[in-house]
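Content type mmCIF, N, CA and C atoms, from the file work.cif:
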```
data_input
loop_
_atom_site.label_atom_id
_atom_site.label_comp_id
_atom_site.auth_asym_id
_atom_site.auth_seq_id
_atom_site.Cartn_x
_atom_site.Cartn_y
_atom_site.Cartn_z
N MET A 841 59.94 18.09 -43.07
CA MET A 841 59.70 17.17 -41.99
C MET A 841 58.68 17.73 -40.99
N MET A 842 58.82 19.02 -40.70
CA MET A 842 57.90 19.66 -39.76
C MET A 842 56.47 19.67 -40.31
N LYS A 843 56.35 19.94 -41.62
CA LYS A 843 55.02 19.94 -42.23
C LYS A 843 54.38 18.56 -42.15
N TYR A 844 55.19 17.53 -42.31
CA TYR A 844 54.70 16.16 -42.24
C TYR A 844 54.17 15.85 -40.83
N LYS A 845 54.88 16.29 -39.80
CA LYS A 845 54.44 16.08 -38.41
C LYS A 845 53.14 16.82 -38.12
N LEU A 846 53.05 18.06 -38.61
CA LEU A 846 51.83 18.83 -38.41
C LEU A 846 50.64 18.18 -39.12
N LEU A 847 50.89 17.66 -40.31
CA LEU A 847 49.83 16.98 -41.05
C LEU A 847 49.36 15.74 -40.29
N LEU A 848 50.28 14.96 -39.75
CA LEU A 848 49.92 13.78 -38.97
C LEU A 848 49.14 14.15 -37.70
N ILE A 849 49.55 15.20 -37.04
CA ILE A 849 48.85 15.67 -35.84
C ILE A 849 47.43 16.10 -36.19
N ASN A 850 47.27 16.83 -37.27
CA ASN A 850 45.93 17.26 -37.70
C ASN A 850 45.04 16.08 -38.06
N ILE A 851 45.57 15.12 -38.78
CA ILE A 851 44.79 13.94 -39.16
C ILE A 851 44.38 13.17 -37.91
N PHE A 852 45.33 12.98 -37.00
CA PHE A 852 45.04 12.27 -35.74
C PHE A 852 43.96 13.01 -34.94
N SER A 853 44.05 14.33 -34.87
CA SER A 853 43.06 15.13 -34.13
C SER A 853 41.67 15.00 -34.73
N ILE A 854 41.58 15.05 -36.05
CA ILE A 854 40.28 14.91 -36.72
C ILE A 854 39.70 13.54 -36.46
N LEU A 855 40.51 12.50 -36.55
CA LEU A 855 40.03 11.14 -36.26
C LEU A 855 39.55 11.01 -34.83
N LEU A 856 40.29 11.57 -33.90
CA LEU A 856 39.92 11.51 -32.49
C LEU A 856 38.60 12.22 -32.23
N ILE A 857 38.43 13.38 -32.81
CA ILE A 857 37.19 14.14 -32.64
C ILE A 857 36.01 13.39 -33.25
N SER A 858 36.18 12.85 -34.45
CA SER A 858 35.07 12.14 -35.09
C SER A 858 34.67 10.89 -34.34
N ILE A 859 35.61 10.19 -33.75
CA ILE A 859 35.31 8.99 -32.98
C ILE A 859 34.63 9.36 -31.67
N SER A 860 35.10 10.41 -31.01
CA SER A 860 34.54 10.77 -29.70
C SER A 860 33.15 11.36 -29.82
N CYS A 861 32.76 11.86 -30.96
CA CYS A 861 31.44 12.44 -31.13
C CYS A 861 30.38 11.42 -31.52
N SER A 862 30.75 10.21 -31.80
CA SER A 862 29.77 9.22 -32.20
C SER A 862 28.97 8.75 -30.98
N LYS A 863 27.71 8.44 -31.20
CA LYS A 863 26.85 7.98 -30.12
C LYS A 863 27.04 6.48 -29.92
N ASP A 864 27.21 6.09 -28.67
CA ASP A 864 27.32 4.67 -28.37
C ASP A 864 26.08 4.17 -27.63
N TYR A 865 25.00 4.93 -27.72
CA TYR A 865 23.74 4.54 -27.11
C TYR A 865 22.61 4.95 -28.04
N GLU A 866 21.46 4.35 -27.81
CA GLU A 866 20.28 4.70 -28.61
C GLU A 866 19.48 5.74 -27.84
N GLU A 867 19.23 6.86 -28.47
CA GLU A 867 18.41 7.89 -27.84
C GLU A 867 16.96 7.46 -27.95
N ILE A 868 16.33 7.21 -26.80
CA ILE A 868 14.96 6.70 -26.79
C ILE A 868 13.99 7.77 -27.23
N ILE A 869 14.12 8.97 -26.69
CA ILE A 869 13.33 10.12 -27.13
C ILE A 869 14.27 11.31 -27.21
N PRO A 870 13.89 12.36 -27.95
CA PRO A 870 14.74 13.55 -27.96
C PRO A 870 14.84 14.12 -26.55
N THR A 871 16.03 14.51 -26.13
CA THR A 871 16.19 15.08 -24.79
C THR A 871 16.93 16.40 -24.87
N HIS A 872 16.65 17.23 -23.92
CA HIS A 872 17.37 18.49 -23.76
C HIS A 872 17.51 18.74 -22.26
N ARG A 873 18.56 19.40 -21.86
CA ARG A 873 18.80 19.64 -20.44
C ARG A 873 17.81 20.68 -19.91
N PHE A 874 17.28 20.40 -18.73
CA PHE A 874 16.41 21.35 -18.06
C PHE A 874 16.37 21.03 -16.57
N THR A 875 15.94 22.00 -15.80
CA THR A 875 15.62 21.82 -14.38
C THR A 875 14.29 22.52 -14.17
N ALA A 876 13.34 21.80 -13.60
CA ALA A 876 12.01 22.35 -13.37
C ALA A 876 11.71 22.32 -11.87
N GLN A 877 10.84 23.24 -11.46
CA GLN A 877 10.43 23.30 -10.06
C GLN A 877 8.92 23.35 -9.98
N ILE A 878 8.37 22.52 -9.10
CA ILE A 878 6.94 22.61 -8.80
C ILE A 878 6.85 22.93 -7.31
N ASN A 879 6.49 24.18 -7.02
CA ASN A 879 6.44 24.65 -5.65
C ASN A 879 5.25 24.07 -4.91
N ASN A 880 5.40 23.87 -3.61
CA ASN A 880 4.32 23.40 -2.73
C ASN A 880 3.65 22.14 -3.26
N ILE A 881 4.44 21.19 -3.69
CA ILE A 881 3.92 19.98 -4.34
C ILE A 881 2.91 19.23 -3.47
N ALA A 882 3.11 19.19 -2.16
CA ALA A 882 2.22 18.41 -1.28
C ALA A 882 0.98 19.17 -0.86
N THR A 883 0.99 20.50 -0.97
CA THR A 883 -0.15 21.28 -0.47
C THR A 883 -0.94 22.00 -1.55
N ASP A 884 -0.40 22.20 -2.72
CA ASP A 884 -1.10 22.90 -3.79
C ASP A 884 -2.20 22.02 -4.36
N PRO A 885 -3.45 22.51 -4.36
CA PRO A 885 -4.56 21.70 -4.88
C PRO A 885 -4.44 21.31 -6.36
N LEU A 886 -3.61 21.99 -7.11
CA LEU A 886 -3.39 21.58 -8.50
C LEU A 886 -2.73 20.22 -8.57
N TYR A 887 -1.96 19.87 -7.54
CA TYR A 887 -1.14 18.66 -7.59
C TYR A 887 -1.52 17.60 -6.57
N ASN A 888 -2.12 17.96 -5.46
CA ASN A 888 -2.34 16.97 -4.41
C ASN A 888 -3.72 16.32 -4.43
N GLN A 889 -4.50 16.53 -5.46
CA GLN A 889 -5.85 15.97 -5.54
C GLN A 889 -5.88 14.58 -6.18
N LYS A 890 -4.96 14.34 -7.12
CA LYS A 890 -4.96 13.06 -7.85
C LYS A 890 -3.56 12.47 -7.85
N ASN A 891 -3.50 11.18 -7.95
CA ASN A 891 -2.23 10.49 -8.10
C ASN A 891 -2.46 9.32 -9.04
N PRO A 892 -1.84 9.26 -10.18
CA PRO A 892 -0.85 10.18 -10.74
C PRO A 892 -1.52 11.40 -11.37
N PHE A 893 -0.69 12.33 -11.84
CA PHE A 893 -1.20 13.51 -12.51
C PHE A 893 -0.19 13.94 -13.57
N THR A 894 -0.63 14.80 -14.48
CA THR A 894 0.26 15.31 -15.52
C THR A 894 0.50 16.79 -15.29
N VAL A 895 1.70 17.22 -15.65
CA VAL A 895 2.09 18.63 -15.56
C VAL A 895 2.82 18.98 -16.84
N TYR A 896 2.47 20.13 -17.39
CA TYR A 896 3.09 20.55 -18.64
C TYR A 896 4.09 21.69 -18.45
N ARG A 897 3.85 22.51 -17.44
CA ARG A 897 4.75 23.64 -17.14
C ARG A 897 5.02 23.69 -15.65
N ASP A 898 6.21 24.17 -15.29
CA ASP A 898 6.55 24.23 -13.88
C ASP A 898 6.06 25.54 -13.27
N SER A 899 6.47 25.82 -12.03
CA SER A 899 6.03 27.02 -11.33
C SER A 899 6.55 28.30 -11.96
N HIS A 900 7.53 28.20 -12.85
CA HIS A 900 8.07 29.36 -13.56
C HIS A 900 7.62 29.37 -15.02
N PHE A 901 6.60 28.57 -15.33
CA PHE A 901 5.97 28.48 -16.66
C PHE A 901 6.90 27.95 -17.75
N GLN A 902 7.91 27.18 -17.37
CA GLN A 902 8.78 26.54 -18.34
C GLN A 902 8.25 25.14 -18.64
N THR A 903 8.32 24.74 -19.91
CA THR A 903 7.89 23.40 -20.29
C THR A 903 8.77 22.37 -19.59
N ILE A 904 8.14 21.33 -19.07
CA ILE A 904 8.87 20.25 -18.40
C ILE A 904 9.02 19.11 -19.40
N GLY A 905 10.24 18.66 -19.62
CA GLY A 905 10.49 17.58 -20.57
C GLY A 905 10.22 18.04 -21.99
N ASN A 906 9.79 17.09 -22.83
CA ASN A 906 9.49 17.43 -24.23
C ASN A 906 8.16 18.17 -24.35
N SER A 907 7.13 17.63 -23.72
CA SER A 907 5.80 18.26 -23.78
C SER A 907 5.01 17.96 -22.53
N GLY A 908 5.69 17.86 -21.41
CA GLY A 908 5.02 17.57 -20.15
C GLY A 908 5.43 16.23 -19.59
N VAL A 909 5.01 15.98 -18.34
CA VAL A 909 5.40 14.77 -17.63
C VAL A 909 4.22 14.16 -16.89
N ALA A 910 4.32 12.86 -16.67
CA ALA A 910 3.40 12.15 -15.78
C ALA A 910 4.13 11.99 -14.46
N ILE A 911 3.44 12.31 -13.37
CA ILE A 911 4.06 12.26 -12.05
C ILE A 911 3.27 11.30 -11.17
N PHE A 912 3.97 10.38 -10.54
CA PHE A 912 3.35 9.44 -9.60
C PHE A 912 3.98 9.66 -8.23
N MET A 913 3.13 9.94 -7.23
CA MET A 913 3.63 10.15 -5.88
C MET A 913 3.68 8.83 -5.14
N LEU A 914 4.88 8.44 -4.74
CA LEU A 914 5.07 7.24 -3.93
C LEU A 914 4.83 7.59 -2.46
N THR A 915 5.48 8.64 -2.00
CA THR A 915 5.27 9.23 -0.68
C THR A 915 5.35 10.74 -0.88
N PRO A 916 4.99 11.54 0.12
CA PRO A 916 5.12 13.00 -0.06
C PRO A 916 6.56 13.47 -0.30
N GLU A 917 7.52 12.61 -0.11
CA GLU A 917 8.92 12.96 -0.34
C GLU A 917 9.54 12.21 -1.53
N GLU A 918 8.78 11.33 -2.18
CA GLU A 918 9.34 10.54 -3.29
C GLU A 918 8.35 10.46 -4.44
N TYR A 919 8.83 10.84 -5.63
CA TYR A 919 8.00 10.88 -6.83
C TYR A 919 8.72 10.19 -7.98
N TYR A 920 7.94 9.56 -8.86
CA TYR A 920 8.44 9.06 -10.13
C TYR A 920 7.94 10.04 -11.20
N VAL A 921 8.83 10.46 -12.08
CA VAL A 921 8.48 11.45 -13.11
C VAL A 921 8.92 10.91 -14.47
N PHE A 922 7.96 10.84 -15.41
CA PHE A 922 8.21 10.29 -16.74
C PHE A 922 7.78 11.26 -17.82
N ASP A 923 8.54 11.30 -18.90
CA ASP A 923 8.16 12.13 -20.05
C ASP A 923 6.90 11.55 -20.68
N LEU A 924 6.03 12.41 -21.18
CA LEU A 924 4.79 11.97 -21.82
C LEU A 924 4.99 11.48 -23.25
N MET A 925 6.14 11.77 -23.84
CA MET A 925 6.36 11.34 -25.23
C MET A 925 6.49 9.82 -25.31
N CYS A 926 5.73 9.22 -26.21
CA CYS A 926 5.80 7.77 -26.42
C CYS A 926 7.16 7.41 -27.00
N PRO A 927 7.89 6.46 -26.38
CA PRO A 927 9.21 6.10 -26.89
C PRO A 927 9.17 5.31 -28.20
N HIS A 928 7.99 4.87 -28.61
CA HIS A 928 7.87 4.19 -29.90
C HIS A 928 7.64 5.21 -31.02
N GLU A 929 6.74 6.15 -30.79
CA GLU A 929 6.38 7.14 -31.80
C GLU A 929 7.41 8.27 -31.91
N LYS A 930 7.96 8.70 -30.78
CA LYS A 930 8.97 9.77 -30.72
C LYS A 930 8.51 11.05 -31.40
N LYS A 931 7.25 11.41 -31.18
CA LYS A 931 6.70 12.63 -31.78
C LYS A 931 5.98 13.44 -30.70
N MET A 932 6.02 14.75 -30.85
CA MET A 932 5.29 15.62 -29.92
C MET A 932 3.78 15.41 -30.03
N SER A 933 3.33 14.88 -31.14
CA SER A 933 1.90 14.65 -31.34
C SER A 933 1.45 13.31 -30.76
N SER A 934 2.37 12.51 -30.23
CA SER A 934 2.02 11.20 -29.66
C SER A 934 2.44 11.15 -28.19
N LEU A 935 1.60 11.75 -27.37
CA LEU A 935 1.87 11.78 -25.93
C LEU A 935 1.00 10.76 -25.23
N VAL A 936 1.61 10.04 -24.27
CA VAL A 936 0.83 9.06 -23.52
C VAL A 936 -0.19 9.78 -22.65
N GLU A 937 -1.27 9.07 -22.35
CA GLU A 937 -2.35 9.61 -21.52
C GLU A 937 -2.55 8.70 -20.33
N LEU A 938 -2.92 9.28 -19.20
CA LEU A 938 -3.20 8.49 -18.01
C LEU A 938 -4.48 7.69 -18.21
N GLU A 939 -4.43 6.41 -17.84
CA GLU A 939 -5.64 5.60 -17.87
C GLU A 939 -6.42 5.81 -16.58
N LYS A 940 -7.67 5.44 -16.60
CA LYS A 940 -8.52 5.63 -15.43
C LYS A 940 -8.07 4.82 -14.22
N ASP A 941 -7.32 3.74 -14.44
CA ASP A 941 -6.87 2.91 -13.31
C ASP A 941 -5.86 3.62 -12.41
N GLY A 942 -5.27 4.73 -12.90
CA GLY A 942 -4.38 5.53 -12.09
C GLY A 942 -2.96 5.02 -11.96
N ILE A 943 -2.64 3.92 -12.60
CA ILE A 943 -1.27 3.42 -12.50
C ILE A 943 -0.63 3.16 -13.86
N ASN A 944 -1.38 3.35 -14.92
CA ASN A 944 -0.86 3.09 -16.27
C ASN A 944 -1.09 4.28 -17.19
N CYS A 945 -0.26 4.35 -18.23
CA CYS A 945 -0.41 5.31 -19.32
C CYS A 945 -0.51 4.52 -20.61
N ILE A 946 -1.22 5.09 -21.58
CA ILE A 946 -1.34 4.45 -22.89
C ILE A 946 -1.11 5.49 -23.98
N CYS A 947 -0.44 5.06 -25.03
CA CYS A 947 -0.25 5.93 -26.20
C CYS A 947 -1.46 5.78 -27.10
N PRO A 948 -2.18 6.85 -27.36
CA PRO A 948 -3.35 6.76 -28.24
C PRO A 948 -3.00 6.48 -29.70
N THR A 949 -1.75 6.68 -30.08
CA THR A 949 -1.34 6.45 -31.47
C THR A 949 -1.00 4.99 -31.73
N CYS A 950 -0.10 4.42 -30.91
CA CYS A 950 0.36 3.05 -31.18
C CYS A 950 -0.24 2.01 -30.23
N GLY A 951 -0.85 2.45 -29.13
CA GLY A 951 -1.47 1.53 -28.19
C GLY A 951 -0.54 0.95 -27.14
N SER A 952 0.74 1.36 -27.13
CA SER A 952 1.66 0.87 -26.10
C SER A 952 1.18 1.32 -24.72
N THR A 953 1.33 0.43 -23.75
CA THR A 953 0.88 0.70 -22.38
C THR A 953 2.07 0.63 -21.45
N PHE A 954 2.12 1.57 -20.48
CA PHE A 954 3.25 1.68 -19.57
C PHE A 954 2.75 1.79 -18.13
N ALA A 955 3.48 1.19 -17.20
CA ALA A 955 3.17 1.28 -15.78
C ALA A 955 3.98 2.44 -15.19
N ILE A 956 3.30 3.41 -14.57
CA ILE A 956 4.04 4.53 -13.99
C ILE A 956 4.10 4.44 -12.46
N ALA A 957 3.50 3.40 -11.89
CA ALA A 957 3.55 3.22 -10.44
C ALA A 957 4.81 2.46 -10.05
N ASN A 958 5.72 2.25 -10.98
CA ASN A 958 7.02 1.68 -10.64
C ASN A 958 8.11 2.62 -11.14
N GLU A 959 9.28 2.47 -10.62
CA GLU A 959 10.33 3.45 -10.89
C GLU A 959 10.89 3.41 -12.31
N TYR A 960 10.47 2.46 -13.13
CA TYR A 960 11.03 2.35 -14.47
C TYR A 960 10.06 2.76 -15.58
N GLY A 961 8.81 3.08 -15.27
CA GLY A 961 7.85 3.40 -16.32
C GLY A 961 7.68 2.23 -17.26
N GLY A 962 7.65 1.04 -16.68
CA GLY A 962 7.75 -0.22 -17.39
C GLY A 962 6.76 -0.42 -18.52
N LEU A 963 7.27 -0.97 -19.60
CA LEU A 963 6.45 -1.32 -20.76
C LEU A 963 5.61 -2.54 -20.40
N LEU A 964 4.29 -2.41 -20.53
CA LEU A 964 3.38 -3.53 -20.28
C LEU A 964 2.95 -4.22 -21.57
N LYS A 965 2.77 -3.38 -22.62
CA LYS A 965 2.30 -3.91 -23.90
C LYS A 965 2.85 -3.03 -25.02
N GLY A 966 3.38 -3.66 -26.08
CA GLY A 966 3.99 -2.96 -27.21
C GLY A 966 2.98 -2.48 -28.22
N PRO A 967 3.47 -1.92 -29.28
CA PRO A 967 4.68 -2.25 -30.02
C PRO A 967 5.97 -1.57 -29.53
N SER A 968 5.92 -0.63 -28.60
CA SER A 968 7.16 -0.02 -28.12
C SER A 968 8.09 -1.09 -27.57
N LYS A 969 9.37 -0.84 -27.71
CA LYS A 969 10.37 -1.75 -27.15
C LYS A 969 11.02 -1.14 -25.91
N HIS A 970 10.63 0.10 -25.57
CA HIS A 970 11.26 0.82 -24.47
C HIS A 970 10.22 1.28 -23.45
N SER A 971 10.66 1.44 -22.23
CA SER A 971 9.84 2.04 -21.18
C SER A 971 9.79 3.55 -21.38
N LEU A 972 8.95 4.23 -20.60
CA LEU A 972 8.92 5.68 -20.65
C LEU A 972 10.25 6.25 -20.16
N TYR A 973 10.59 7.43 -20.65
CA TYR A 973 11.83 8.08 -20.25
C TYR A 973 11.63 8.68 -18.86
N LYS A 974 12.50 8.30 -17.92
CA LYS A 974 12.38 8.75 -16.53
C LYS A 974 13.32 9.93 -16.27
N TYR A 975 12.80 10.92 -15.52
CA TYR A 975 13.60 12.05 -15.09
C TYR A 975 13.98 11.89 -13.63
N GLN A 976 15.03 12.57 -13.24
CA GLN A 976 15.43 12.63 -11.84
C GLN A 976 14.43 13.54 -11.12
N ALA A 977 14.13 13.22 -9.86
CA ALA A 977 13.19 14.04 -9.08
C ALA A 977 13.60 14.01 -7.62
N GLU A 978 13.45 15.15 -6.97
CA GLU A 978 13.79 15.25 -5.55
C GLU A 978 12.95 16.35 -4.92
N VAL A 979 12.46 16.11 -3.70
CA VAL A 979 11.71 17.12 -2.97
C VAL A 979 12.66 17.79 -1.97
N ARG A 980 12.71 19.12 -2.03
CA ARG A 980 13.48 19.91 -1.08
C ARG A 980 12.63 21.09 -0.62
N SER A 981 12.40 21.18 0.67
CA SER A 981 11.63 22.27 1.26
C SER A 981 10.27 22.45 0.60
N GLY A 982 9.60 21.34 0.31
CA GLY A 982 8.26 21.38 -0.27
C GLY A 982 8.20 21.60 -1.76
N THR A 983 9.35 21.75 -2.42
CA THR A 983 9.39 21.96 -3.85
C THR A 983 9.92 20.69 -4.52
N LEU A 984 9.20 20.25 -5.57
CA LEU A 984 9.67 19.11 -6.36
C LEU A 984 10.56 19.63 -7.47
N TYR A 985 11.81 19.17 -7.47
CA TYR A 985 12.77 19.52 -8.52
C TYR A 985 12.84 18.34 -9.48
N ILE A 986 12.77 18.64 -10.78
CA ILE A 986 12.81 17.63 -11.84
C ILE A 986 13.91 18.04 -12.80
N TRP A 987 14.76 17.08 -13.17
CA TRP A 987 15.85 17.38 -14.11
C TRP A 987 16.29 16.12 -14.82
N ASN A 988 17.11 16.32 -15.86
CA ASN A 988 17.74 15.20 -16.55
C ASN A 988 19.21 15.45 -16.72
#
```

As structure tokens - that is how I would like this structure written.
Amino acid sequence: MMKYKLLLINIFSILLISISCSKDYEEIIPTHRFTAQINNIATDPLYNQKNPFTVYRDSHFQTIGNSGVAIFMLTPEEYYVFDLMCPHEKKMSSLVELEKDGINCICPTCGSTFAIANEYGGLLKGPSKHSLYKYQAEVRSGTLYIWN
């Protein structure tokens, strides 16, 4: 009888673990946890000359996001930060590029266009079905912190 109870407990545990590990969302792009810092965001000439701009490594030389981010400054205290990986292609070799208009990005591989001057990285033109992946961003003591 005891062996039967242990067997039932083990089966129930395995079922519970397998159900809880299943994804109930679609991963738009590959993600990994990170926290990045860009020091002196408002005063450093690397960052305050253009809006928007791209950054590939933070002040500690760590890669930001998958292969860099597009950053749009709304105010000196508020930034929108998006991963450069195209959500349609999902490849490190397909990174969106800033267009000359300064408010849009385009994927050179699939042609999808995204607006980065809004908080959602909105899809303007497909074939992508998703907007750019947005990261959390906050300015504290002149340093822009970026994380997911």

Starting from the point (9.8, 6.3, -6.9), work out which residues of protein, DNA or RNA have an atom no more than 8 Å away when counting only C-alpha atoms; state them as a PyMOL selection string.
-> chain A and resi 912-914+918-920+957-959

Here CA of Glu978 (chain A) and CA of Glu917 (chain A) stand apart by 7.5 Å

I need the residue set behind the PyMOL selection byres ((chain A and resi 893-903) around 6.5) for this file; please write it as a PyMOL selection string.
-> chain A and resi 876-879+890-892+904-913

What separates CA of His872 (chain A) and CA of Trp987 (chain A) is a distance of 9.8 Å

Which of region 900-980 of chain A fall in strand (DSSP E), as a VMD selection string = chain A and resid 909 to 915 918 to 923 937 to 938 944 to 946 953 to 955 963 to 965 974 to 980

Can you spit out the residues from that selection as a short mmCIF file (atom, residue, chain, number, x, y, z; two decimals), keeping the file's coordinate frame, using N, CA and C atoms?
```cif
data_model
loop_
_atom_site.label_atom_id
_atom_site.label_comp_id
_atom_site.auth_asym_id
_atom_site.auth_seq_id
_atom_site.Cartn_x
_atom_site.Cartn_y
_atom_site.Cartn_z
N VAL A 909 5.01 15.98 -18.34
CA VAL A 909 5.40 14.77 -17.63
C VAL A 909 4.22 14.16 -16.89
N ALA A 910 4.32 12.86 -16.67
CA ALA A 910 3.40 12.15 -15.78
C ALA A 910 4.13 11.99 -14.46
N ILE A 911 3.44 12.31 -13.37
CA ILE A 911 4.06 12.26 -12.05
C ILE A 911 3.27 11.30 -11.17
N PHE A 912 3.97 10.38 -10.54
CA PHE A 912 3.35 9.44 -9.60
C PHE A 912 3.98 9.66 -8.23
N MET A 913 3.13 9.94 -7.23
CA MET A 913 3.63 10.15 -5.88
C MET A 913 3.68 8.83 -5.14
N LEU A 914 4.88 8.44 -4.74
CA LEU A 914 5.07 7.24 -3.93
C LEU A 914 4.83 7.59 -2.46
N THR A 915 5.48 8.64 -2.00
CA THR A 915 5.27 9.23 -0.68
C THR A 915 5.35 10.74 -0.88
N GLU A 918 8.78 11.33 -2.18
CA GLU A 918 9.34 10.54 -3.29
C GLU A 918 8.35 10.46 -4.44
N TYR A 919 8.83 10.84 -5.63
CA TYR A 919 8.00 10.88 -6.83
C TYR A 919 8.72 10.19 -7.98
N TYR A 920 7.94 9.56 -8.86
CA TYR A 920 8.44 9.06 -10.13
C TYR A 920 7.94 10.04 -11.20
N VAL A 921 8.83 10.46 -12.08
CA VAL A 921 8.48 11.45 -13.11
C VAL A 921 8.92 10.91 -14.47
N PHE A 922 7.96 10.84 -15.41
CA PHE A 922 8.21 10.29 -16.74
C PHE A 922 7.78 11.26 -17.82
N ASP A 923 8.54 11.30 -18.90
CA ASP A 923 8.16 12.13 -20.05
C ASP A 923 6.90 11.55 -20.68
N GLU A 937 -1.27 9.07 -22.35
CA GLU A 937 -2.35 9.61 -21.52
C GLU A 937 -2.55 8.70 -20.33
N LEU A 938 -2.92 9.28 -19.20
CA LEU A 938 -3.20 8.49 -18.01
C LEU A 938 -4.48 7.69 -18.21
N ASN A 944 -1.38 3.35 -14.92
CA ASN A 944 -0.86 3.09 -16.27
C ASN A 944 -1.09 4.28 -17.19
N CYS A 945 -0.26 4.35 -18.23
CA CYS A 945 -0.41 5.31 -19.32
C CYS A 945 -0.51 4.52 -20.61
N ILE A 946 -1.22 5.09 -21.58
CA ILE A 946 -1.34 4.45 -22.89
C ILE A 946 -1.11 5.49 -23.98
N THR A 953 1.33 0.43 -23.75
CA THR A 953 0.88 0.70 -22.38
C THR A 953 2.07 0.63 -21.45
N PHE A 954 2.12 1.57 -20.48
CA PHE A 954 3.25 1.68 -19.57
C PHE A 954 2.75 1.79 -18.13
N ALA A 955 3.48 1.19 -17.20
CA ALA A 955 3.17 1.28 -15.78
C ALA A 955 3.98 2.44 -15.19
N LEU A 963 7.27 -0.97 -19.60
CA LEU A 963 6.45 -1.32 -20.76
C LEU A 963 5.61 -2.54 -20.40
N LEU A 964 4.29 -2.41 -20.53
CA LEU A 964 3.38 -3.53 -20.28
C LEU A 964 2.95 -4.22 -21.57
N LYS A 965 2.77 -3.38 -22.62
CA LYS A 965 2.30 -3.91 -23.90
C LYS A 965 2.85 -3.03 -25.02
N LYS A 974 12.50 8.30 -17.92
CA LYS A 974 12.38 8.75 -16.53
C LYS A 974 13.32 9.93 -16.27
N TYR A 975 12.80 10.92 -15.52
CA TYR A 975 13.60 12.05 -15.09
C TYR A 975 13.98 11.89 -13.63
N GLN A 976 15.03 12.57 -13.24
CA GLN A 976 15.43 12.63 -11.84
C GLN A 976 14.43 13.54 -11.12
N ALA A 977 14.13 13.22 -9.86
CA ALA A 977 13.19 14.04 -9.08
C ALA A 977 13.60 14.01 -7.62
N GLU A 978 13.45 15.15 -6.97
CA GLU A 978 13.79 15.25 -5.55
C GLU A 978 12.95 16.35 -4.92
N VAL A 979 12.46 16.11 -3.70
CA VAL A 979 11.71 17.12 -2.97
C VAL A 979 12.66 17.79 -1.97
N ARG A 980 12.71 19.12 -2.03
CA ARG A 980 13.48 19.91 -1.08
C ARG A 980 12.63 21.09 -0.62
#
```

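You can rank A:Pro870, A:Pro885, A:Gly962, A:Gly982 by their closest distance to Glu929 (chain A) using only C-alpha atoms, and at the top of that list sits A:Pro870.
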
As JSON, please: the centre and edge lengths in Å, to one decimal, of an axis-aligned box enclosing every listed atom of region 903-922 of chain A with 5 Å added on each side.
```
{"center_x": 6.8, "center_y": 16.0, "center_z": -12.1, "size_x": 17.4, "size_y": 27.5, "size_z": 34.5}
```

Once the PyMOL selection byres (((chain A and resi 930 and name CA) around 12) and name CA) has been applied to the shown file, what residues remain in the selection, as a PyMOL selection string?
-> chain A and resi 867-871+906-907+923-929+931-936+947+949-950+968+970+972-973

7 Å contact set for Ile946 (chain A), all atoms listed in the file, chain neighbours under 6 positions out, as a ChimeraX atom specification = /A:935-939,952-954

Using CA of Lys965 (chain A) and CA of Tyr887 (chain A) as the two end points, give the distance in Å to one decimal.
->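 Computed distance, CA of Lys965 (chain A) to CA of Tyr887 (chain A), equals 28.1 Å.
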
Mind listing the alpha helix (DSSP H) residues of region 841-976 of chain A, per DSSP on the backbone, as JSON, numbers by chain?
-> {"A": [842, 843, 844, 845, 846, 847, 848, 849, 850, 851, 852, 853, 854, 855, 856, 857, 858, 859, 860]}

Between A:Ser971, A:Asn944, A:Leu984, A:Ala977, which is the closest to Asn880 (chain A) once you count all atoms listed in the file?
-> A:Leu984
